[in-house]
file target.cif (mmCIF, C-alpha atoms)
data_input
#
loop_
_atom_site.label_atom_id
_atom_site.label_comp_id
_atom_site.auth_asym_id
_atom_site.auth_seq_id
_atom_site.Cartn_x
_atom_site.Cartn_y
_atom_site.Cartn_z
CA MET W 1405 0.00 0.00 0.00
CA LEU W 1406 2.82 2.40 0.90
CA ARG W 1407 4.59 1.64 -2.37
CA GLN W 1408 1.38 2.24 -4.33
CA LEU W 1409 0.80 5.49 -2.45
CA PHE W 1410 4.37 6.60 -3.14
CA ASN W 1411 4.00 5.77 -6.85
CA LEU W 1412 0.70 7.64 -6.98
CA ARG W 1413 2.20 10.67 -5.29
CA SER W 1414 5.16 10.62 -7.68
CA ALA W 1415 2.88 10.33 -10.70
CA LEU W 1416 0.66 13.17 -9.51
CA ALA W 1417 3.67 15.35 -8.76
CA LEU W 1418 5.14 14.71 -12.22
CA ILE W 1419 1.81 15.44 -13.90
CA ALA W 1420 1.44 18.65 -11.90
CA VAL W 1421 4.98 19.77 -12.77
CA ALA W 1422 4.39 18.96 -16.45
CA ILE W 1423 1.09 20.87 -16.52
CA VAL W 1424 2.48 23.92 -14.74
CA THR W 1425 5.72 23.95 -16.76
CA GLY W 1426 3.87 23.62 -20.04
CA THR W 1427 1.41 26.31 -19.04
CA ILE W 1428 4.17 28.71 -17.98
CA PHE W 1429 6.05 28.29 -21.27
CA TYR W 1430 2.91 28.62 -23.38
CA SER W 1431 1.64 31.61 -21.38
CA ASN W 1432 5.04 33.26 -21.69
CA PHE W 1433 4.92 32.70 -25.45
CA LEU W 1434 1.42 34.17 -25.68
CA SER W 1435 2.26 37.17 -23.49
CA LYS W 1436 5.28 38.03 -25.64
CA LYS W 1437 3.19 37.70 -28.77
CA ILE W 1438 0.42 39.90 -27.34
CA ALA W 1439 3.01 42.44 -26.11
CA VAL W 1440 4.45 42.76 -29.65
CA GLU W 1441 0.94 43.18 -31.09
CA GLU W 1442 0.05 45.81 -28.49
CA ARG W 1443 3.19 47.83 -29.26
CA GLU W 1444 2.29 47.69 -32.93
CA ARG W 1445 -1.23 48.90 -32.11
CA ILE W 1446 0.21 51.82 -30.13
CA ASN W 1447 2.46 52.67 -33.11
CA GLN W 1448 -0.58 52.65 -35.37
CA TRP W 1449 -2.50 54.77 -32.86
CA VAL W 1450 0.34 57.35 -32.71
CA GLU W 1451 0.60 57.45 -36.51
CA ALA W 1452 -3.18 57.86 -36.76
CA ASN W 1453 -3.03 60.80 -34.31
CA LYS W 1454 -0.19 62.36 -36.33
CA PHE W 1455 -2.08 61.91 -39.60
CA ILE W 1456 -5.27 63.47 -38.21
CA ALA W 1457 -3.35 66.41 -36.77
CA ASN W 1458 -1.49 67.16 -40.03
CA ALA W 1459 -4.13 66.13 -42.62
CA PRO W 1460 -5.42 68.80 -45.03
CA GLN W 1461 -9.12 69.58 -44.92
CA ASN W 1462 -10.00 67.67 -48.08
CA VAL W 1463 -8.27 64.39 -47.05
CA ASP W 1464 -10.37 61.44 -45.82
CA ILE W 1465 -9.41 60.64 -42.19
CA THR W 1466 -12.00 57.88 -41.63
CA LEU W 1467 -9.46 55.04 -41.36
CA ALA W 1468 -7.21 57.02 -39.01
CA SER W 1469 -10.20 57.88 -36.81
CA GLU W 1470 -11.22 54.20 -36.61
CA ILE W 1471 -7.69 53.21 -35.54
CA GLN W 1472 -7.73 55.95 -32.94
CA GLN W 1473 -11.12 54.93 -31.52
CA LYS W 1474 -10.44 51.19 -31.49
CA ASN W 1475 -7.85 51.48 -28.74
CA THR W 1476 -10.07 51.09 -25.67
CA ASP W 1477 -8.00 48.69 -23.57
CA ILE W 1478 -4.33 49.76 -23.63
CA PRO W 1479 -3.64 52.57 -21.11
CA ILE W 1480 -1.55 55.45 -22.53
CA ILE W 1481 0.06 58.55 -21.03
CA TRP W 1482 1.12 61.25 -23.49
CA THR W 1483 4.01 63.57 -22.48
CA ASN W 1484 6.32 66.15 -24.07
CA GLU W 1485 10.07 65.77 -24.53
CA ASN W 1486 10.61 66.64 -20.83
CA ASP W 1487 8.12 63.98 -19.63
CA SER W 1488 5.57 66.59 -18.61
CA ILE W 1489 2.15 64.96 -18.83
CA ILE W 1490 -0.07 66.29 -21.62
CA ASP W 1491 -2.94 63.81 -21.69
CA SER W 1492 -3.94 60.21 -20.96
CA ARG W 1493 -6.19 57.55 -22.41
CA ASN W 1494 -7.93 54.44 -21.04
CA ILE W 1495 -7.10 55.35 -17.44
CA ASP W 1496 -9.84 55.69 -14.81
CA THR W 1497 -10.63 59.42 -14.61
CA SER W 1498 -12.19 59.08 -11.15
CA LEU W 1499 -8.85 57.88 -9.75
CA ILE W 1500 -7.11 60.81 -11.42
CA LYS W 1501 -9.53 63.24 -9.75
CA GLU W 1502 -9.15 61.61 -6.32
CA ASN W 1503 -5.35 61.55 -6.39
CA PRO W 1504 -3.43 64.37 -8.13
CA ASP W 1505 -0.29 62.22 -8.19
CA PHE W 1506 -2.01 59.19 -9.66
CA LEU W 1507 -0.91 59.89 -13.24
CA LYS W 1508 2.69 60.49 -12.13
CA GLN W 1509 2.67 57.13 -10.37
CA LYS W 1510 1.25 55.42 -13.45
CA LEU W 1511 3.82 57.16 -15.64
CA LYS W 1512 6.61 55.77 -13.47
CA GLU W 1513 5.04 52.32 -13.75
CA PHE W 1514 4.74 52.56 -17.55
CA LYS W 1515 8.37 53.70 -17.87
CA SER W 1516 9.57 50.56 -16.12
CA ALA W 1517 7.27 48.34 -18.19
CA HIS W 1518 7.87 49.46 -21.80
CA ARG W 1519 10.00 51.77 -23.91
CA PRO W 1520 8.05 54.86 -25.00
CA ILE W 1521 7.05 55.51 -28.59
CA ILE W 1522 8.56 58.87 -29.54
CA LEU W 1523 7.06 61.14 -32.18
CA GLU W 1524 9.68 63.74 -33.15
CA LEU W 1525 8.11 67.06 -34.11
CA SER W 1526 11.26 69.22 -34.48
CA LYS W 1527 15.00 68.58 -34.37
CA ASN W 1528 16.21 72.10 -33.70
CA PRO W 1529 14.95 73.02 -31.24
CA TYR W 1530 14.15 69.44 -30.17
CA VAL W 1531 10.42 68.99 -29.73
CA ALA W 1532 8.79 65.60 -29.38
CA ASP W 1533 5.75 63.78 -28.03
CA LYS W 1534 6.33 60.65 -25.96
CA TYR W 1535 3.72 57.93 -25.58
CA TYR W 1536 4.12 55.69 -22.54
CA TYR W 1537 1.80 52.72 -22.24
CA GLY W 1538 0.97 49.85 -19.88
CA ASP W 1539 -0.36 46.31 -20.26
CA SER W 1540 -3.91 45.65 -21.33
CA LYS W 1541 -6.23 43.54 -19.16
CA LEU W 1542 -5.83 40.63 -21.59
CA LEU W 1543 -2.04 40.66 -21.28
CA LYS W 1544 -2.23 40.79 -17.48
CA GLN W 1545 -4.64 37.86 -17.43
CA VAL W 1546 -2.34 35.79 -19.65
CA ARG W 1547 0.63 36.54 -17.37
CA TYR W 1548 -1.25 35.71 -14.15
CA TYR W 1549 -2.94 32.62 -15.58
CA PRO W 1550 -0.07 30.18 -14.70
CA ILE W 1551 -0.18 31.31 -11.05
CA VAL W 1552 -3.93 30.73 -10.88
CA GLN W 1553 -3.54 27.35 -12.54
CA LEU W 1554 -0.72 26.42 -10.16
CA LEU W 1555 -2.98 27.16 -7.20
CA ILE W 1556 -5.79 25.10 -8.73
CA VAL W 1557 -3.46 22.15 -9.41
CA ALA W 1558 -2.02 22.40 -5.88
CA LEU W 1559 -5.54 22.40 -4.41
CA PHE W 1560 -6.49 19.43 -6.59
CA ILE W 1561 -3.44 17.43 -5.45
CA PHE W 1562 -4.08 18.37 -1.81
CA LEU W 1563 -7.68 17.13 -2.04
CA ILE W 1564 -6.52 13.86 -3.63
CA PHE W 1565 -3.89 13.29 -0.95
CA TYR W 1566 -6.40 14.16 1.76
CA ALA W 1567 -8.93 11.70 0.33
CA ILE W 1568 -6.25 8.99 0.13
CA SER W 1569 -5.14 9.71 3.68
CA VAL W 1570 -8.71 9.52 5.01
CA ARG W 1571 -9.34 6.30 3.12
CA ASN W 1572 -6.11 4.70 4.37
CA LYS W 1573 -6.81 5.79 7.93
CA SER W 1574 -10.32 4.36 7.72
CA THR W 1575 -8.96 1.09 6.33
CA GLN W 1576 -6.30 1.00 9.04
CA ASN W 1577 -8.92 1.57 11.75
CA GLN W 1578 -11.06 -1.22 10.35
CA VAL W 1579 -8.07 -3.58 10.29
CA TRP W 1580 -7.18 -2.71 13.88
CA ALA W 1581 -10.73 -3.16 15.06
CA GLY W 1582 -11.05 -6.47 13.21
CA MET W 1583 -7.77 -7.81 14.60
CA ALA W 1584 -8.66 -6.71 18.13
CA LYS W 1585 -12.11 -8.32 18.02
CA GLU W 1586 -10.72 -11.52 16.49
CA THR W 1587 -8.04 -11.66 19.21
CA ALA W 1588 -10.70 -11.24 21.90
CA HIS W 1589 -12.79 -13.96 20.25
CA GLN W 1590 -9.85 -16.39 20.04
CA LEU W 1591 -8.92 -15.76 23.70
CA GLY W 1592 -12.46 -16.44 24.87
CA THR W 1593 -12.38 -20.25 24.53
CA PRO W 1594 -9.04 -20.97 26.31
CA ILE W 1595 -9.90 -18.49 29.07
CA SER W 1596 -13.21 -20.26 29.74
CA SER W 1597 -11.36 -23.57 29.80
CA LEU W 1598 -8.74 -22.21 32.20
CA GLN W 1599 -11.46 -20.92 34.52
CA GLY W 1600 -12.90 -24.44 34.69
CA TRP W 1601 -9.51 -25.96 35.49
CA VAL W 1602 -8.89 -23.35 38.19
CA GLU W 1603 -12.21 -24.19 39.85
CA MET W 1604 -11.32 -27.88 39.82
CA LEU W 1605 -7.89 -27.18 41.36
CA LYS W 1606 -9.54 -25.16 44.12
CA GLU W 1607 -11.37 -28.27 45.29
CA SER W 1608 -8.06 -29.77 46.37
CA GLU W 1609 -6.50 -28.35 49.53
CA THR W 1610 -2.95 -29.03 48.31
CA SER W 1611 -3.43 -27.18 45.02
CA TYR W 1612 -5.64 -24.38 46.39
CA PRO W 1613 -2.78 -21.82 46.80
CA LEU W 1614 -1.59 -22.61 43.28
CA ALA W 1615 -5.15 -22.25 41.93
CA THR W 1616 -5.51 -18.87 43.64
CA GLU W 1617 -2.41 -17.53 41.86
CA MET W 1618 -3.54 -19.03 38.57
CA GLU W 1619 -6.91 -17.34 39.01
CA LYS W 1620 -5.16 -13.93 39.14
CA ASP W 1621 -3.51 -14.64 35.79
CA VAL W 1622 -6.79 -15.85 34.32
CA ASP W 1623 -8.49 -12.67 35.51
CA ARG W 1624 -5.69 -10.73 33.85
CA LEU W 1625 -6.31 -12.58 30.61
CA LYS W 1626 -10.04 -11.82 30.90
CA LEU W 1627 -9.22 -8.13 31.33
CA ILE W 1628 -6.97 -8.16 28.24
CA SER W 1629 -9.66 -9.94 26.25
CA ASP W 1630 -12.23 -7.36 27.42
CA ARG W 1631 -9.95 -4.50 26.33
CA PHE W 1632 -9.46 -5.96 22.87
CA GLY W 1633 -13.19 -6.56 22.56
CA LYS W 1634 -13.91 -2.87 23.17
CA ILE W 1635 -11.57 -1.67 20.38
CA GLY W 1636 -13.60 -0.78 17.29
CA SER W 1637 -16.88 -0.30 19.15
CA THR W 1638 -18.13 2.63 21.17
CA PRO W 1639 -17.34 1.84 24.82
CA HIS W 1640 -19.64 2.76 27.70
CA LEU W 1641 -18.27 5.67 29.74
CA ASP W 1642 -18.89 5.89 33.48
CA GLU W 1643 -18.02 8.57 36.00
CA SER W 1644 -14.88 7.34 37.74
CA ASN W 1645 -12.22 8.64 40.09
CA ILE W 1646 -9.14 9.16 37.91
CA SER W 1647 -6.81 9.17 40.92
CA GLU W 1648 -7.98 5.71 41.98
CA GLN W 1649 -7.59 4.29 38.48
CA VAL W 1650 -4.08 5.72 38.14
CA GLU W 1651 -2.99 4.51 41.59
CA LYS W 1652 -4.30 1.04 40.83
CA MET W 1653 -2.25 0.80 37.62
CA VAL W 1654 0.85 2.26 39.31
CA ALA W 1655 0.55 -0.41 42.02
CA TYR W 1656 0.17 -3.11 39.35
CA ILE W 1657 3.32 -1.99 37.47
CA LYS W 1658 5.23 -1.47 40.72
CA ARG W 1659 4.71 -5.12 41.69
CA ARG W 1660 6.28 -6.14 38.38
CA SER W 1661 9.32 -3.86 38.55
CA THR W 1662 12.53 -3.93 40.57
CA GLU W 1663 13.24 -2.08 43.81
CA LYS W 1664 15.54 0.25 41.86
CA VAL W 1665 12.49 1.92 40.30
CA SER W 1666 10.81 4.64 42.33
CA PHE W 1667 7.14 5.49 41.68
CA VAL W 1668 5.66 8.87 42.69
CA VAL W 1669 1.99 9.85 42.38
CA ASP W 1670 1.06 13.50 42.84
CA LYS W 1671 -2.72 13.95 43.06
CA PRO W 1672 -5.22 16.50 44.44
CA SER W 1673 -6.75 15.96 47.86
CA GLU W 1674 -10.29 15.90 46.43
CA GLN W 1675 -11.70 13.34 44.03
CA VAL W 1676 -10.95 13.81 40.32
CA ILE W 1677 -14.05 12.63 38.47
CA ALA W 1678 -14.29 12.09 34.71
CA ARG W 1679 -16.34 9.92 32.36
CA ILE W 1680 -14.10 7.06 31.19
CA SER W 1681 -14.12 3.44 30.16
CA LYS W 1682 -12.18 1.88 33.03
CA PRO W 1683 -10.66 -1.08 31.11
CA LEU W 1684 -9.51 1.12 28.22
CA PHE W 1685 -8.26 3.98 30.40
CA ASP W 1686 -6.32 1.48 32.53
CA TRP W 1687 -4.80 0.12 29.33
CA VAL W 1688 -3.58 3.61 28.37
CA ILE W 1689 -2.00 4.23 31.78
CA GLU W 1690 -0.44 0.77 31.73
CA ASN W 1691 1.07 1.43 28.29
CA LEU W 1692 2.52 4.76 29.37
CA LEU W 1693 3.96 3.27 32.57
CA LYS W 1694 5.48 0.34 30.69
CA ASN W 1695 7.04 2.72 28.18
CA ALA W 1696 8.46 4.77 31.06
CA LEU W 1697 9.77 1.58 32.69
CA ASP W 1698 11.47 0.60 29.45
CA ALA W 1699 12.95 4.10 29.07
CA ILE W 1700 14.68 4.04 32.47
CA LYS W 1701 15.98 0.47 31.86
CA GLY W 1702 15.00 -0.83 35.28
CA LYS W 1703 16.53 1.99 37.31
CA GLY W 1704 15.15 5.49 37.89
CA THR W 1705 12.02 7.42 38.79
CA ILE W 1706 8.55 7.37 37.25
CA SER W 1707 6.14 10.04 38.43
CA VAL W 1708 2.47 10.55 37.65
CA SER W 1709 0.94 13.98 38.21
CA ILE W 1710 -2.84 14.52 38.25
CA LYS W 1711 -4.19 18.06 38.03
CA LYS W 1712 -7.80 19.14 38.09
CA PHE W 1713 -9.17 22.27 36.34
CA PRO W 1714 -12.77 23.46 35.86
CA SER W 1715 -13.03 22.14 32.31
CA ARG W 1716 -10.26 19.56 32.05
CA ILE W 1717 -8.09 17.03 33.87
CA LEU W 1718 -4.40 16.60 33.15
CA VAL W 1719 -2.49 13.38 33.75
CA ASP W 1720 1.28 13.60 33.18
CA VAL W 1721 3.45 10.47 33.13
CA THR W 1722 7.12 11.42 33.49
CA ASP W 1723 10.31 9.36 33.52
CA ASN W 1724 13.98 10.30 33.85
CA GLY W 1725 15.06 7.84 31.18
CA ARG W 1726 16.77 8.08 27.82
CA GLY W 1727 14.25 10.49 26.27
CA ILE W 1728 13.11 10.72 22.64
CA SER W 1729 15.20 12.25 19.86
CA LYS W 1730 13.74 15.11 17.80
CA GLN W 1731 13.64 13.02 14.62
CA ASN W 1732 11.59 10.32 16.38
CA LEU W 1733 9.07 12.65 18.08
CA PRO W 1734 6.73 12.83 15.04
CA LYS W 1735 6.80 9.01 14.76
CA VAL W 1736 6.00 8.14 18.39
CA PHE W 1737 2.28 7.53 17.84
CA LYS W 1738 2.58 6.00 14.37
CA PRO W 1739 1.67 2.29 14.11
CA GLY W 1740 4.72 0.05 13.78
CA PHE W 1741 7.22 2.53 15.25
CA THR W 1742 9.22 1.13 18.17
CA THR W 1743 12.72 1.46 19.59
CA LYS W 1744 12.46 -1.91 21.34
CA LYS W 1745 14.07 -5.07 19.98
CA ARG W 1746 10.74 -6.82 20.50
CA GLY W 1747 7.35 -5.28 20.00
CA TRP W 1748 4.79 -4.38 17.37
CA GLY W 1749 4.87 -0.63 17.96
CA LEU W 1750 1.10 -0.45 18.51
CA GLY W 1751 0.89 0.42 22.23
CA LEU W 1752 1.13 4.21 22.01
CA SER W 1753 -0.85 4.28 18.76
CA LEU W 1754 -3.73 2.39 20.40
CA ALA W 1755 -3.44 4.52 23.55
CA LYS W 1756 -3.80 7.70 21.49
CA ARG W 1757 -6.79 6.22 19.66
CA ILE W 1758 -8.46 5.28 22.96
CA ILE W 1759 -8.02 8.75 24.50
CA GLU W 1760 -8.83 10.84 21.43
CA LYS W 1761 -11.54 8.80 19.70
CA TYR W 1762 -13.36 7.19 22.62
CA HIS W 1763 -12.77 9.75 25.38
CA LYS W 1764 -12.63 12.89 23.17
CA GLY W 1765 -9.44 13.96 24.90
CA GLN W 1766 -5.81 14.29 23.87
CA LEU W 1767 -2.60 12.32 24.30
CA PHE W 1768 0.71 13.84 23.26
CA VAL W 1769 4.37 14.21 24.20
CA LYS W 1770 4.47 17.27 26.44
CA SER W 1771 8.25 17.36 26.60
CA SER W 1772 11.24 15.14 25.94
CA GLU W 1773 15.00 15.59 26.03
CA PRO W 1774 17.51 12.87 25.16
CA GLY W 1775 19.29 11.68 28.29
CA LYS W 1776 16.93 13.51 30.67
CA GLY W 1777 13.51 11.95 30.22
CA THR W 1778 10.04 12.26 28.71
CA THR W 1779 6.61 13.46 29.79
CA PHE W 1780 3.42 12.17 28.18
CA ARG W 1781 0.28 14.21 28.83
CA ILE W 1782 -3.33 13.04 28.83
CA VAL W 1783 -6.04 15.71 28.62
CA LEU W 1784 -9.55 14.65 29.65
CA ASN W 1785 -12.33 17.18 29.11
CA THR W 1786 -14.90 17.31 31.86
CA GLU W 1787 -17.24 19.69 29.99
CA GLY W 1788 -16.93 18.37 26.44
CA LYS W 1789 -14.40 21.03 25.48
CA ASN W 1790 -11.26 20.22 23.54
CA SER W 1791 -8.58 22.59 24.72
CA LEU W 1792 -4.89 21.96 25.05
CA LEU W 1793 -2.87 23.14 28.01
#

call {"tool": "encode", "arguments": {"input": "target.cif", "output": "structure tokens"}}
result
Amino acid sequence: MLRQLFNLRSALALIAVAIVTGTIFYSNFLSKKIAVEERERINQWVEANKFIANAPQNVDITLASEIQQKNTDIPIIWTNENDSIIDSRNIDTSLIKENPDFLKQKLKEFKSAHRPIILELSKNPYVADKYYYGDSKLLKQVRYYPIVQLLIVALFIFLIFYAISVRNKSTQNQVWAGMAKETAHQLGTPISSLQGWVEMLKESETSYPLATEMEKDVDRLKLISDRFGKIGSTPHLDESNISEQVEKMVAYIKRRSTEKVSFVVDKPSEQVIARISKPLFDWVIENLLKNALDAIKGKGTISVSIKKFPSRILVDVTDNGRGISKQNLPKVFKPGFTTKKRGWGLGLSLAKRIIEKYHKGQLFVKSSEPGKGTTFRIVLNTEGKNSLL
């Protein structure tokens, strides 16, 4: 799928570059051609003005008048040999009235755009009329057309990539949900069988202690199966004390770690209530604690801070381990990414999905520095708001 997506992106990029490049070259060709034609039209217009001004009374000036009147789109400023403005044509007269310097500004613009057409009236003394002109609306449209097309092509490619991304994400979610439900289904039969064997072992006094310990592991398997079963379906949310849930998971991880690991829980004195799915929320906390435990490599401090605000609850899980490099930060929650020798790289990805999709909260890396540690932050919204602190 990734290879197909890469090939599709490459093909779209090449097509876009080809379209834009071809358009730029063709538009440039057209603009040069139109510019030459417009200069020729201005030459004809100047000659027509000269002919009308110098024509005897009995000469027909109909053709010259038509040439003069046909120029309705090319703006012209007419000056003397010293660039003193005499007259203008095809320039908005209302703008000229509003701003006395408007024509001077346009003259400066025309000078930088095109060479003037000079009509010499006398050599000694030197007297001449200069005709400065700008681009017509058609020429401007032809020049700006590639930019407009580039924006359209860019928008088109963005929409395609967005549609592909949404489709792939939807497919990925369906695969995850299907795998999770199938795992829960496959675990169901052996768990039921194990429960039966545990009950039989309990009947014997000699094996009762062993059965009790086995029952704890079976209950753990039931919890895991229940968690997988809830992935892909909308879980039921109940009002729960976040502090109690966090402390329970900290105690669970603490029993399975060495004495060299110190656990600290900082919580408010009052209850911290939020609507959560207990099995799934516990799974998230467990994942974050296990990641912290892995980061400190069996020796260090893991602290959990719980803060309560009017509209949100913050849960920070901090370790003083190896930290996360800057290049890996964007990949932390991507499926398949892991720095462990063993692992599927799905723990943090599933944790983020659980918090953001099912609990309408947020899970992100608040801070991380290589060699100093990492802090993951969970934001739970108590009033349905989605704000980030």

call {"tool": "residues_around", "arguments": {"input": "target.cif", "residues": "W:Ser1540", "least_positions_apart": "6", "cutoff": "10 Å", "atoms": "only C-alpha atoms", "output": "list in words"}}
result
Ile1438, Ala1439, Glu1442, Thr1476, Asp1477, Ile1478, Pro1479 and Asn1494 of chain W

call {"tool": "closest_residue", "arguments": {"input": "target.cif", "among": "W:Ile1568, W:Tyr1535, W:Gly1702, W:Asp1630", "to": "W:Gly1725", "atoms": "all atoms listed in the file"}}
result
W:Gly1702

call {"tool": "residues_around", "arguments": {"input": "target.cif", "residues": "W:Gly1538", "least_positions_apart": "2", "cutoff": "9 Å", "atoms": "all atoms listed in the file", "output": "PyMOL selection string"}}
result
chain W and resi 1478-1481+1510-1511+1513-1515+1517-1518+1536+1540

call {"tool": "closest_residue", "arguments": {"input": "target.cif", "among": "W:Glu1451, W:Asp1720, W:Glu1619, W:Asp1642", "to": "W:Ser1469", "atoms": "all atoms listed in the file"}}
result
W:Glu1451

call {"tool": "atom_distance", "arguments": {"input": "target.cif", "atom1": "atom CA of W:Ala1415", "atom2": "atom CA of W:Lys1738"}}
result
25.4 Å

call {"tool": "closest_residue", "arguments": {"input": "target.cif", "among": "W:Gln1472, W:Thr1575, W:Thr1662, W:Thr1616", "to": "W:Val1602", "atoms": "all atoms listed in the file"}}
result
W:Thr1616

call {"tool": "resolve_selection", "arguments": {"input": "target.cif", "expression": "the PyMOL selection byres ((chain W and resi 1665) around 7)", "output": "list of chain:residue names"}}
result
W:Ser1661, W:Thr1662, W:Glu1663, W:Lys1664, W:Ser1666, W:Phe1667, W:Gly1702, W:Lys1703, W:Gly1704, W:Thr1705

call {"tool": "atom_distance", "arguments": {"input": "target.cif", "atom1": "atom CA of W:Ile1710", "atom2": "atom CA of W:Pro1639"}}
result
23.5 Å

call {"tool": "atom_distance", "arguments": {"input": "target.cif", "atom1": "atom CA of W:Ala1417", "atom2": "atom CA of W:Lys1436"}}
result
28.3 Å

call {"tool": "resolve_selection", "arguments": {"input": "target.cif", "expression": "the PyMOL selection byres ((chain W and resi 1453) around 12)", "output": "short mmCIF file (atom, residue, chain, number, x, y, z; two decimals) with C-alpha atoms, keeping the file's coordinate frame"}}
result
data_model
loop_
_atom_site.label_atom_id
_atom_site.label_comp_id
_atom_site.auth_asym_id
_atom_site.auth_seq_id
_atom_site.Cartn_x
_atom_site.Cartn_y
_atom_site.Cartn_z
CA ILE W 1446 0.21 51.82 -30.13
CA ASN W 1447 2.46 52.67 -33.11
CA GLN W 1448 -0.58 52.65 -35.37
CA TRP W 1449 -2.50 54.77 -32.86
CA VAL W 1450 0.34 57.35 -32.71
CA GLU W 1451 0.60 57.45 -36.51
CA ALA W 1452 -3.18 57.86 -36.76
CA LYS W 1454 -0.19 62.36 -36.33
CA PHE W 1455 -2.08 61.91 -39.60
CA ILE W 1456 -5.27 63.47 -38.21
CA ALA W 1457 -3.35 66.41 -36.77
CA ASN W 1458 -1.49 67.16 -40.03
CA ALA W 1459 -4.13 66.13 -42.62
CA ILE W 1465 -9.41 60.64 -42.19
CA THR W 1466 -12.00 57.88 -41.63
CA LEU W 1467 -9.46 55.04 -41.36
CA ALA W 1468 -7.21 57.02 -39.01
CA SER W 1469 -10.20 57.88 -36.81
CA GLU W 1470 -11.22 54.20 -36.61
CA ILE W 1471 -7.69 53.21 -35.54
CA GLN W 1472 -7.73 55.95 -32.94
CA GLN W 1473 -11.12 54.93 -31.52
CA ASN W 1475 -7.85 51.48 -28.74
CA TRP W 1482 1.12 61.25 -23.49
CA LEU W 1523 7.06 61.14 -32.18
CA ASP W 1533 5.75 63.78 -28.03
CA TYR W 1535 3.72 57.93 -25.58
#

call {"tool": "residues_around", "arguments": {"input": "target.cif", "residues": "stretch 1753-1767 of chain W", "least_positions_apart": "3", "cutoff": "7 Å", "atoms": "all atoms listed in the file", "output": "number ranges by chain"}}
result
W: 1638, 1680, 1684, 1688, 1737-1739, 1750, 1781-1785, 1790

call {"tool": "residues_near_point", "arguments": {"input": "target.cif", "point": "(-16.2, 11.4, 37.1)", "cutoff": "9 Å", "atoms": "only C-alpha atoms", "output": "VMD selection string"}}
result
chain W and resid 1642 to 1646 1675 to 1680 1786

call {"tool": "resolve_selection", "arguments": {"input": "target.cif", "expression": "the PyMOL selection byres ((chain W and resi 1427) around 12)", "output": "list in words"}}
result
Ala1420, Val1421, Ala1422, Ile1423, Val1424, Thr1425, Gly1426, Ile1428, Phe1429, Tyr1430, Ser1431, Asn1432, Phe1433, Leu1434, Ser1435, Val1546, Arg1547, Tyr1548, Tyr1549, Pro1550, Ile1551, Val1552, Gln1553, Leu1554 and Val1557 of chain W

call {"tool": "axis_aligned_box", "arguments": {"input": "target.cif", "around": "stretch 1549-1558 of chain W", "padding_each_side": "4 Å", "output": "JSON"}}
result
{"center_x": -2.9, "center_y": 27.4, "center_z": -10.7, "size_x": 13.7, "size_y": 18.5, "size_z": 17.7}

call {"tool": "residues_around", "arguments": {"input": "target.cif", "residues": "W:Glu1648", "least_positions_apart": "5", "cutoff": "12 Å", "atoms": "all atoms listed in the file", "output": "PyMOL selection string"}}
result
chain W and resi 1653-1655+1669-1678+1682+1685-1686+1689+1710

call {"tool": "write_last_selection", "arguments": {"input": "target.cif", "atoms": "C-alpha atoms", "output": "CSV table (one decimal), keeping the file's coordinate frame"}}
result
chain,number,residue,atom,x,y,z
W,1653,MET,CA,-2.2,0.8,37.6
W,1654,VAL,CA,0.8,2.3,39.3
W,1655,ALA,CA,0.6,-0.4,42.0
W,1669,VAL,CA,2.0,9.8,42.4
W,1670,ASP,CA,1.1,13.5,42.8
W,1671,LYS,CA,-2.7,14.0,43.1
W,1672,PRO,CA,-5.2,16.5,44.4
W,1673,SER,CA,-6.8,16.0,47.9
W,1674,GLU,CA,-10.3,15.9,46.4
W,1675,GLN,CA,-11.7,13.3,44.0
W,1676,VAL,CA,-11.0,13.8,40.3
W,1677,ILE,CA,-14.0,12.6,38.5
W,1678,ALA,CA,-14.3,12.1,34.7
W,1682,LYS,CA,-12.2,1.9,33.0
W,1685,PHE,CA,-8.3,4.0,30.4
W,1686,ASP,CA,-6.3,1.5,32.5
W,1689,ILE,CA,-2.0,4.2,31.8
W,1710,ILE,CA,-2.8,14.5,38.2

call {"tool": "closest_residue", "arguments": {"input": "target.cif", "among": "W:Thr1610, W:Asn1724, W:Gln1731, W:Asn1528", "to": "W:Asp1698", "atoms": "only C-alpha atoms"}}
result
W:Asn1724

call {"tool": "residues_around", "arguments": {"input": "target.cif", "residues": "W:Ala1699", "least_positions_apart": "2", "cutoff": "12 Å", "atoms": "only C-alpha atoms", "output": "PyMOL selection string"}}
result
chain W and resi 1665+1692-1697+1701-1706+1722-1728+1742-1744+1772+1774-1779

call {"tool": "closest_residue", "arguments": {"input": "target.cif", "among": "W:Leu1641, W:Val1721, W:Gln1509, W:Leu1627", "to": "W:Val1668", "atoms": "only C-alpha atoms"}}
result
W:Val1721
